[in-house]
$ cat coords05.txt   # compact mmCIF, C-alpha atoms and all ligand atoms
# COMPACT_ATOMS: atom_id res chain seq x y z
CA MET A 1 -27.59 -16.84 30.98
CA LYS A 2 -24.66 -15.55 29.00
CA GLU A 3 -25.15 -18.21 26.37
CA GLN A 4 -28.85 -17.48 26.21
CA LEU A 5 -28.17 -13.78 25.66
CA ALA A 6 -25.62 -14.56 22.95
CA SER A 7 -28.03 -16.90 21.18
CA VAL A 8 -30.91 -14.39 21.39
CA LYS A 9 -28.62 -11.79 19.82
CA LYS A 10 -27.55 -14.24 17.09
CA GLU A 11 -31.12 -15.24 16.40
CA PHE A 12 -32.16 -11.59 16.24
CA GLU A 13 -29.48 -10.75 13.70
CA ALA A 14 -30.33 -13.76 11.55
CA GLN A 15 -33.99 -12.79 11.43
CA LEU A 16 -33.21 -9.12 10.84
CA LYS A 17 -31.45 -10.05 7.58
CA ARG A 18 -34.66 -11.59 6.25
CA VAL A 19 -36.78 -8.52 6.96
CA SER A 20 -37.77 -6.71 3.75
CA ASP A 21 -40.44 -4.24 4.79
CA LEU A 22 -41.61 -2.19 7.73
CA SER A 23 -44.40 -4.52 8.85
CA GLN A 24 -41.99 -7.45 9.01
CA LEU A 25 -39.72 -5.26 11.12
CA GLU A 26 -42.61 -4.54 13.44
CA GLU A 27 -43.21 -8.28 13.88
CA LEU A 28 -39.55 -8.91 14.59
CA GLU A 29 -39.56 -6.22 17.22
CA GLN A 30 -42.54 -7.89 18.90
CA THR A 31 -40.85 -11.30 18.79
CA PHE A 32 -37.93 -10.01 20.83
CA PHE A 33 -39.25 -7.11 22.83
CA GLY A 34 -42.95 -7.92 23.10
CA ARG A 35 -44.01 -7.15 26.67
CA LYS A 36 -45.50 -10.59 27.37
CA ALA A 37 -43.60 -13.10 25.26
CA GLY A 38 -40.66 -11.27 23.67
CA ALA A 39 -37.50 -13.40 23.70
CA PHE A 40 -35.44 -10.59 25.15
CA THR A 41 -38.14 -9.55 27.56
CA ASN A 42 -38.27 -13.11 28.92
CA LEU A 43 -34.52 -13.07 29.53
CA ALA A 44 -34.73 -9.74 31.30
CA LYS A 45 -37.41 -11.18 33.55
CA GLN A 46 -34.96 -13.87 34.60
CA MET A 47 -32.55 -11.26 35.97
CA LYS A 48 -34.15 -11.54 39.37
CA ASP A 49 -33.03 -15.19 39.61
CA VAL A 50 -29.40 -14.45 38.81
CA ALA A 51 -26.93 -14.94 41.67
CA VAL A 52 -26.00 -11.68 43.33
CA GLU A 53 -22.29 -11.83 42.47
CA GLN A 54 -23.13 -12.27 38.74
CA LYS A 55 -25.82 -9.61 38.61
CA LYS A 56 -23.52 -6.77 37.68
CA ALA A 57 -21.74 -8.57 34.84
CA ILE A 58 -24.90 -10.09 33.40
CA GLY A 59 -26.72 -6.78 33.76
CA GLU A 60 -24.02 -4.97 31.82
CA MET A 61 -24.04 -7.63 29.14
CA MET A 62 -27.78 -7.44 28.88
CA ASN A 63 -27.66 -3.66 28.47
CA GLU A 64 -25.04 -3.96 25.80
CA VAL A 65 -27.08 -6.52 23.85
CA ARG A 66 -30.21 -4.38 24.17
CA THR A 67 -28.37 -1.30 22.99
CA ASN A 68 -26.92 -3.13 20.01
CA ILE A 69 -30.17 -4.74 19.01
CA THR A 70 -32.08 -1.48 19.33
CA LYS A 71 -29.49 0.31 17.23
CA GLU A 72 -29.69 -2.32 14.50
CA LEU A 73 -33.48 -2.15 14.58
CA GLU A 74 -33.47 1.62 14.15
CA GLU A 75 -30.97 1.54 11.32
CA LYS A 76 -33.03 -1.06 9.52
CA ARG A 77 -36.17 0.99 10.06
CA ALA A 78 -34.52 4.08 8.57
CA ASP A 79 -33.33 2.09 5.53
CA LEU A 80 -36.76 0.65 4.91
CA GLN A 81 -38.46 4.03 5.23
CA ARG A 82 -36.07 5.53 2.72
CA GLU A 83 -36.72 2.70 0.25
CA GLU A 84 -40.46 3.02 0.62
CA MET A 85 -40.32 6.79 -0.01
CA LYS A 86 -38.25 6.23 -3.10
CA LYS A 87 -40.80 3.75 -4.45
CA ILE A 88 -43.61 6.24 -3.93
CA VAL A 89 -41.65 9.02 -5.60
CA ASP A 90 -40.87 6.83 -8.59
CA ILE A 91 -44.47 5.82 -9.07
CA GLU A 92 -46.23 9.07 -8.34
CA SER A 93 -43.82 11.77 -9.27
CA ILE A 94 -44.83 14.62 -11.57
CA ASP A 95 -41.77 16.56 -12.52
CA VAL A 96 -43.04 20.12 -12.62
CA THR A 97 -39.65 21.35 -13.76
CA GLN A 98 -39.85 19.42 -17.05
CA PRO A 99 -40.41 22.15 -19.66
CA GLN A 100 -42.57 20.17 -22.11
CA LEU A 101 -43.78 16.64 -22.35
CA PRO A 102 -42.16 14.86 -25.31
CA LYS A 103 -44.35 15.15 -28.42
CA GLU A 104 -45.80 12.02 -29.90
CA GLU A 105 -44.34 11.34 -33.34
CA HIS A 106 -46.90 11.65 -36.12
CA GLY A 107 -46.54 10.99 -39.81
CA HIS A 108 -46.76 13.89 -42.22
CA ILE A 109 -48.65 14.20 -45.44
CA HIS A 110 -46.10 15.19 -48.03
CA PRO A 111 -47.02 18.58 -49.54
CA MET A 112 -46.92 16.93 -52.96
CA ALA A 113 -49.43 14.28 -51.89
CA GLN A 114 -51.66 17.00 -50.44
CA GLY A 115 -51.44 19.08 -53.63
CA LEU A 116 -52.24 16.04 -55.77
CA LYS A 117 -55.27 15.37 -53.64
CA ASP A 118 -56.50 18.98 -53.80
CA MET A 119 -56.18 19.05 -57.58
CA THR A 120 -57.75 15.62 -57.99
CA ASP A 121 -60.69 16.63 -55.81
CA ALA A 122 -61.18 19.75 -57.94
CA ALA A 123 -61.05 17.63 -61.11
CA LEU A 124 -63.64 15.17 -59.84
CA ALA A 125 -65.91 18.03 -58.73
CA MET A 126 -65.79 19.42 -62.27
CA GLY A 127 -66.68 16.07 -63.81
CA PHE A 128 -63.24 14.98 -64.97
CA LEU A 129 -62.20 11.34 -64.86
CA VAL A 130 -58.88 10.96 -63.07
CA GLU A 131 -56.40 8.45 -64.48
CA ASP A 132 -52.89 7.23 -63.95
CA GLY A 133 -50.49 6.34 -66.76
CA PRO A 134 -47.14 4.76 -67.61
CA GLU A 135 -43.90 6.55 -66.77
CA LEU A 136 -41.84 4.43 -69.13
CA GLU A 137 -43.58 5.13 -72.39
CA SER A 138 -43.32 4.67 -76.12
CA GLN A 139 -42.07 7.66 -78.07
CA TYR A 140 -45.23 7.39 -80.07
CA PHE A 141 -47.44 8.59 -77.17
CA VAL A 142 -44.93 11.09 -75.81
CA PHE A 143 -44.20 12.73 -79.18
CA ASP A 144 -45.48 11.26 -82.46
CA SER A 145 -49.16 11.08 -81.51
CA LEU A 146 -48.90 14.70 -80.31
CA ASN A 147 -47.93 16.14 -83.66
CA PHE A 148 -44.19 16.36 -83.00
CA PRO A 149 -42.69 15.81 -86.47
CA PRO A 150 -39.66 13.48 -86.46
CA ASP A 151 -36.43 15.41 -85.81
CA HIS A 152 -38.38 18.55 -84.87
CA PRO A 153 -36.41 20.76 -82.42
CA ALA A 154 -39.34 20.67 -79.94
CA ARG A 155 -38.41 17.04 -79.25
CA GLU A 156 -34.90 18.09 -78.24
CA GLY A 157 -36.32 20.86 -76.07
CA MET A 158 -37.88 18.30 -73.74
CA ASP A 159 -34.52 16.94 -72.49
CA THR A 160 -35.88 13.42 -72.61
CA PHE A 161 -34.26 10.39 -71.01
CA TYR A 162 -34.08 7.56 -73.52
CA VAL A 163 -33.64 3.88 -72.84
CA LYS A 164 -30.52 2.09 -74.01
CA ASP A 165 -31.17 -0.56 -76.67
CA HIS A 166 -34.87 0.42 -76.83
CA PRO A 167 -35.08 3.36 -79.23
CA GLU A 168 -38.87 3.26 -79.24
CA LEU A 169 -39.05 3.94 -75.45
CA CYS A 170 -38.39 6.92 -73.18
CA MET A 171 -39.17 8.15 -69.69
CA ARG A 172 -42.10 10.44 -70.32
CA ALA A 173 -41.05 14.10 -70.34
CA HIS A 174 -44.64 15.20 -69.85
CA VAL A 175 -47.94 13.58 -68.88
CA SER A 176 -49.33 14.59 -72.28
CA ASN A 177 -48.55 10.99 -73.24
CA MET A 178 -52.03 10.34 -71.83
CA GLN A 179 -53.89 12.60 -74.27
CA VAL A 180 -54.31 10.22 -77.19
CA ARG A 181 -54.48 7.18 -74.89
CA LEU A 182 -57.44 8.62 -72.96
CA MET A 183 -59.28 10.11 -75.91
CA ARG A 184 -59.15 6.70 -77.59
CA LYS A 185 -60.27 5.01 -74.40
CA TYR A 186 -63.31 7.20 -73.68
CA SER A 187 -64.48 8.75 -76.95
CA GLU A 188 -66.17 5.56 -78.17
CA GLY A 189 -64.58 5.84 -81.55
CA GLY A 190 -64.69 9.63 -81.69
CA THR A 191 -68.43 9.84 -80.99
CA LYS A 192 -68.55 10.97 -77.33
CA PRO A 193 -67.33 14.09 -75.51
CA MET A 194 -64.96 13.43 -72.61
CA ARG A 195 -63.08 15.05 -69.77
CA ALA A 196 -60.08 13.58 -68.03
CA ALA A 197 -57.33 14.66 -65.65
CA TYR A 198 -54.07 12.78 -65.29
CA PRO A 199 -51.50 13.78 -62.73
CA GLY A 200 -48.18 12.02 -62.66
CA ARG A 201 -44.43 11.98 -62.52
CA VAL A 202 -42.30 13.14 -65.42
CA PHE A 203 -38.58 13.03 -66.10
CA ARG A 204 -36.21 15.42 -67.82
CA ASN A 205 -32.48 15.63 -68.11
CA GLU A 206 -32.44 19.12 -66.59
CA ASP A 207 -29.60 21.12 -65.14
CA ILE A 208 -30.78 20.97 -61.54
CA ASP A 209 -31.22 24.16 -59.54
CA ALA A 210 -33.74 25.71 -57.14
CA THR A 211 -36.52 25.64 -59.74
CA HIS A 212 -35.53 22.64 -61.92
CA GLU A 213 -35.56 18.95 -61.01
CA HIS A 214 -34.99 15.82 -63.11
CA THR A 215 -38.13 14.23 -61.64
CA PHE A 216 -41.23 16.27 -60.98
CA TYR A 217 -45.01 16.18 -61.11
CA GLN A 218 -47.40 17.53 -63.67
CA PHE A 219 -51.12 17.84 -63.48
CA GLU A 220 -52.78 17.80 -66.84
CA ALA A 221 -56.40 17.79 -67.95
CA LEU A 222 -58.24 17.81 -71.22
CA ALA A 223 -61.83 18.16 -72.34
CA VAL A 224 -63.30 17.43 -75.75
CA SER A 225 -66.73 18.46 -76.97
CA LYS A 226 -68.43 20.15 -79.91
CA ASP A 227 -68.35 23.69 -78.55
CA ILE A 228 -65.15 24.40 -76.66
CA ASN A 229 -63.35 27.70 -76.92
CA ILE A 230 -60.55 29.67 -75.30
CA ALA A 231 -62.89 31.24 -72.74
CA ASN A 232 -63.65 27.72 -71.46
CA LEU A 233 -59.93 26.97 -71.27
CA ILE A 234 -59.24 30.06 -69.19
CA ALA A 235 -62.24 29.49 -66.91
CA VAL A 236 -61.32 25.86 -66.21
CA MET A 237 -57.69 26.67 -65.48
CA LYS A 238 -58.66 29.49 -63.13
CA GLU A 239 -60.98 27.12 -61.29
CA PHE A 240 -58.17 24.61 -60.77
CA VAL A 241 -55.70 27.21 -59.61
CA SER A 242 -58.11 28.80 -57.15
CA SER A 243 -59.21 25.46 -55.72
CA LEU A 244 -55.57 24.74 -54.91
CA TYR A 245 -54.84 28.16 -53.41
CA GLN A 246 -58.22 28.97 -51.88
CA ARG A 247 -57.55 32.61 -52.66
CA ASP A 248 -57.24 34.96 -55.62
CA VAL A 249 -53.95 34.73 -57.48
CA GLU A 250 -52.83 37.00 -60.25
CA ILE A 251 -52.31 35.09 -63.50
CA ARG A 252 -51.37 35.99 -67.06
CA PHE A 253 -51.49 34.18 -70.38
CA ARG A 254 -48.78 34.51 -73.00
CA PRO A 255 -48.66 32.92 -76.43
CA GLY A 256 -46.64 29.73 -76.27
CA TYR A 257 -45.66 27.01 -78.69
CA PHE A 258 -46.50 23.34 -78.20
CA PRO A 259 -46.98 21.17 -81.33
CA PHE A 260 -50.13 19.57 -79.88
CA VAL A 261 -52.18 22.74 -79.34
CA GLU A 262 -53.33 25.51 -81.62
CA PRO A 263 -53.43 28.24 -80.46
CA GLY A 264 -51.08 27.61 -77.55
CA PHE A 265 -50.41 29.63 -74.39
CA GLU A 266 -48.33 29.69 -71.31
CA LEU A 267 -49.80 30.56 -67.94
CA ASP A 268 -47.76 32.46 -65.37
CA ILE A 269 -48.62 33.14 -61.75
CA LYS A 270 -47.45 36.15 -59.81
CA ALA A 271 -45.84 34.98 -56.59
CA ASP A 272 -42.95 35.29 -54.21
CA ILE A 273 -41.04 32.10 -53.52
CA GLY A 274 -38.16 33.81 -51.80
CA ARG A 275 -36.77 36.05 -54.53
CA GLY A 276 -39.39 38.77 -54.36
CA GLU A 277 -42.55 39.02 -56.44
CA GLU A 278 -42.14 37.61 -59.92
CA TRP A 279 -44.05 35.93 -62.73
CA ILE A 280 -43.50 32.19 -62.49
CA GLU A 281 -44.19 29.90 -65.43
CA MET A 282 -46.79 27.40 -64.31
CA ALA A 283 -48.52 25.76 -67.19
CA GLY A 284 -48.79 25.20 -70.90
CA CYS A 285 -52.21 25.11 -72.47
CA GLY A 286 -54.27 25.61 -75.57
CA LEU A 287 -56.90 24.14 -77.82
CA ILE A 288 -56.08 20.62 -78.95
CA HIS A 289 -54.43 20.59 -82.36
CA PRO A 290 -56.62 19.12 -85.15
CA ASN A 291 -53.91 16.56 -85.95
CA VAL A 292 -54.05 15.26 -82.39
CA LEU A 293 -57.85 15.05 -82.39
CA LYS A 294 -57.60 13.13 -85.66
CA GLU A 295 -54.95 10.78 -84.24
CA ALA A 296 -57.27 10.04 -81.31
CA GLY A 297 -60.19 9.23 -83.59
CA TYR A 298 -62.18 12.49 -83.48
CA ASP A 299 -63.21 14.41 -86.60
CA PRO A 300 -61.52 17.83 -86.06
CA ASN A 301 -64.18 19.54 -88.16
CA GLU A 302 -66.81 18.59 -85.58
CA TRP A 303 -64.90 18.39 -82.29
CA GLN A 304 -62.73 20.75 -80.31
CA GLY A 305 -60.76 20.22 -77.18
CA LEU A 306 -58.87 22.10 -74.53
CA ALA A 307 -55.81 20.89 -72.71
CA PHE A 308 -53.53 22.28 -70.04
CA GLY A 309 -50.57 20.90 -68.17
CA MET A 310 -49.31 22.40 -64.95
CA GLY A 311 -46.07 21.96 -63.08
CA LEU A 312 -47.39 20.71 -59.78
CA ASN A 313 -44.16 21.23 -57.84
CA ARG A 314 -44.10 24.89 -58.73
CA LEU A 315 -47.78 25.35 -57.93
CA ILE A 316 -47.15 23.88 -54.48
CA MET A 317 -43.97 25.89 -54.00
CA VAL A 318 -46.05 29.03 -54.47
CA LYS A 319 -48.75 27.77 -52.15
CA TYR A 320 -46.41 27.07 -49.21
CA GLY A 321 -43.56 29.46 -50.01
CA ILE A 322 -41.10 26.62 -50.65
CA GLU A 323 -37.99 28.23 -52.08
CA ASP A 324 -36.21 25.18 -53.51
CA ILE A 325 -37.76 22.45 -55.67
CA ARG A 326 -35.09 20.02 -54.49
CA HIS A 327 -36.72 19.84 -51.03
CA PHE A 328 -39.54 17.67 -52.41
CA GLN A 329 -37.35 14.63 -52.97
CA SER A 330 -34.69 15.37 -50.39
CA GLY A 331 -36.16 13.06 -47.75
CA ASP A 332 -35.17 15.74 -45.23
CA LEU A 333 -37.49 15.38 -42.23
CA ARG A 334 -36.94 18.98 -41.19
CA PHE A 335 -38.64 19.96 -44.46
CA LEU A 336 -41.49 17.44 -44.12
CA LYS A 337 -42.23 18.27 -40.49
CA GLN A 338 -43.34 21.76 -41.47
CA PHE A 339 -46.50 20.48 -43.14
N1 LIG A 401 -46.95 19.11 -71.89
C1 LIG A 401 -46.57 20.51 -71.86
C2 LIG A 401 -45.28 20.65 -71.05
O1 LIG A 401 -44.88 19.69 -70.41
C3 LIG A 401 -47.64 21.36 -71.22
C4 LIG A 401 -48.92 21.41 -72.01
C5 LIG A 401 -49.95 20.55 -71.72
C6 LIG A 401 -49.08 22.36 -73.02
C7 LIG A 401 -51.14 20.62 -72.40
C8 LIG A 401 -50.24 22.43 -73.70
C9 LIG A 401 -51.28 21.59 -73.40
O2 LIG A 401 -44.65 21.67 -71.06

$ encode --input "coords05.txt" --output "structure tokens"
Amino acid sequence: MKEQLASVKKEFEAQLKRVSDLSQLEELEQTFFGRKAGAFTNLAKQMKDVAVEQKKAIGEMMNEVRTNITKELEEKRADLQREEMKKIVDIESIDVTQPQLPKEEHGHIHPMAQGLKDMTDAALAMGFLVEDGPELESQYFVFDSLNFPPDHPAREGMDTFYVKDHPELCMRAHVSNMQVRLMRKYSEGGTKPMRAAYPGRVFRNEDIDATHEHTFYQFEALAVSKDINIANLIAVMKEFVSSLYQRDVEIRFRPGYFPFVEPGFELDIKADIGRGEEWIEMAGCGLIHPNVLKEAGYDPNEWQGLAFGMGLNRLIMVKYGIEDIRHFQSGDLRFLKQF
């Protein structure tokens, strides 16, 4: 009897180790304590056959084994219940104390890309072709074709980057390099009117500060026909500016000198980009100089043209209240994430 009790206890403990959930524990309990066929129950039933003088000792041993087994069962049950609760909590929990769910990361349209798109859309709506052009360019298109005499101080004023060992080349200091290229391309030998817009990057050896960068964007457009005047120039420029800003902005024209227009003007916009209201230089413009029309293949006695070139960075700075032009190329995500 003693041996039987010991082996039942051993067997119980072996099986208990293999139990991994509550229903298995239930089964184990039945196997040992089931009222009809439980291993322990069967032993207890044999008590009546035990010799009288052994009854006390065996009885005590039986109680001890029962107590131990029951205790182990209960401990295991508590462990399993705790584990099961934890699983449920992990799967189903909603942490109401979490202040905000983490935001999904989205890309951002760079304000420059957005501005380029707005201006390009306005150009297309007004019937302008939109073209791209070379950034590394021959001096001929950047200067000579635009009526800059050789050694004229206006050339120096552009702070141009030149290319070592290639005196004929430079990084374009303005997108006006496209004027003669496009007029030649679309005028059909100086016989057809044309309109084109050409945004792009330009490069100048500037002293860099909050309003000057070495690399920036210009948006330029020109139109050639047989009856163009200054009123057209002003109207077209106003249209571009207001389609970018979607509101009225105060502008002013001042006389300005550019060798490729006659007369020439500068356009300023009244705005506050962090230093209080001020007039900010935004664009050069004018009627295309007869020498440039001639260079492009038009007869300047028959044809006139208008042209204007805007500093796109500054236009966008005014639109969004950006106080430093250097933000555009900084790659600083804190700047980009605001748009
Ligand atoms: N290209 C000139 C500049 O960069 C601007 C301009 C364009 C002036 C067209 C007149 C006509 O300053």

$ residues_near_ligand --input "coords05.txt" --ligand "ligand LIG 401 (chain A)" --cutoff "8 Å" --atoms "only C-alpha atoms and all ligand atoms" --output "ChimeraX atom specification"
/A:158,173-176,218,220-222,258,260-261,264-266,283-288,306-311

$ residues_around --input "coords05.txt" --residues "Pro153 (chain A)" --least-positions-apart "3" --cutoff "12 Å" --atoms "only C-alpha atoms" --output "ChimeraX atom specification"
/A:143,148-150,156-159,257-259

$ residues_around --input "coords05.txt" --residues "Asn301 (chain A)" --least-positions-apart "3" --cutoff "9 Å" --atoms "only C-alpha atoms" --output "compact mmCIF listing (two decimals) with C-alpha atoms, keeping the file's coordinate frame"
# COMPACT_ATOMS: atom_id res chain seq x y z
CA PRO A 290 -56.62 19.12 -85.15
CA TYR A 298 -62.18 12.49 -83.48
CA GLN A 304 -62.73 20.75 -80.31

$ closest_residue --input "coords05.txt" --among "A:Leu136, A:Ile322, A:Ala210, A:Pro111" --to "His166 (chain A)" --atoms "all atoms listed in the file"
A:Leu136

$ residues_around --input "coords05.txt" --residues "Lys55 (chain A)" --least-positions-apart "5" --cutoff "12 Å" --atoms "only C-alpha atoms" --output "PDB file with C-alpha atoms, keeping the file's coordinate frame"
ATOM      1  CA  MET A   1     -27.590 -16.840  30.980  1.00  0.00           C
ATOM      2  CA  LYS A   2     -24.660 -15.550  29.000  1.00  0.00           C
ATOM      3  CA  ALA A  44     -34.730  -9.740  31.300  1.00  0.00           C
ATOM      4  CA  GLN A  46     -34.960 -13.870  34.600  1.00  0.00           C
ATOM      5  CA  MET A  47     -32.550 -11.260  35.970  1.00  0.00           C
ATOM      6  CA  LYS A  48     -34.150 -11.540  39.370  1.00  0.00           C
ATOM      7  CA  ASP A  49     -33.030 -15.190  39.610  1.00  0.00           C
ATOM      8  CA  VAL A  50     -29.400 -14.450  38.810  1.00  0.00           C
ATOM      9  CA  GLU A  60     -24.020  -4.970  31.820  1.00  0.00           C
ATOM     10  CA  MET A  61     -24.040  -7.630  29.140  1.00  0.00           C
ATOM     11  CA  MET A  62     -27.780  -7.440  28.880  1.00  0.00           C
ATOM     12  CA  ASN A  63     -27.660  -3.660  28.470  1.00  0.00           C
TER      13      ASN A  63
END

$ residues_near_point --input "coords05.txt" --point "(-47.6, 12.1, -75.6)" --cutoff "9 Å" --atoms "only C-alpha atoms" --output "JSON, numbers by chain"
{"A": [137, 138, 139, 140, 141, 142, 143, 144, 145, 146, 172, 173, 174, 175, 176, 177, 178, 179, 180, 181, 260]}

$ atom_distance --input "coords05.txt" --atom1 "CA of Met126 (chain A)" --atom2 "CA of Ala197 (chain A)"
10.3 Å

$ closest_residue --input "coords05.txt" --among "A:Gly133, A:Pro300, A:Leu28, A:Leu22" --to "Met85 (chain A)" --atoms "only C-alpha atoms"
A:Leu22

$ atom_distance --input "coords05.txt" --atom1 "CA of Gly305 (chain A)" --atom2 "CA of Gln114 (chain A)"
28.4 Å

$ atom_distance --input "coords05.txt" --atom1 "CA of Glu27 (chain A)" --atom2 "CA of Arg66 (chain A)"
17.0 Å

$ closest_residue --input "coords05.txt" --among "A:Ala51, A:Leu233, A:Leu333, A:Ile325" --to "Thr211 (chain A)" --atoms "only C-alpha atoms"
A:Ile325

$ residues_around --input "coords05.txt" --residues "Gln329 (chain A)" --least-positions-apart "5" --cutoff "10 Å" --atoms "all atoms listed in the file" --output "count of residues only"
4

$ closest_residue --input "coords05.txt" --among "A:Val292, A:Leu73, A:Met119, A:Val8" --to "Ser242 (chain A)" --atoms "all atoms listed in the file"
A:Met119

$ residues_near_point --input "coords05.txt" --point "(-43.3, 18.6, -45.4)" --cutoff "12 Å" --atoms "all atoms listed in the file" --output "ChimeraX atom specification"
/A:107-115,316-317,320-322,327-339

$ closest_residue --input "coords05.txt" --among "A:Lys76, A:Gly200, A:Glu262, A:Val318" --to "Glu250 (chain A)" --atoms "all atoms listed in the file"
A:Val318

$ closest_residue --input "coords05.txt" --among "A:Thr191, A:Asp207, A:Met237, A:Asn147" --to "His289 (chain A)" --atoms "only C-alpha atoms"
A:Asn147
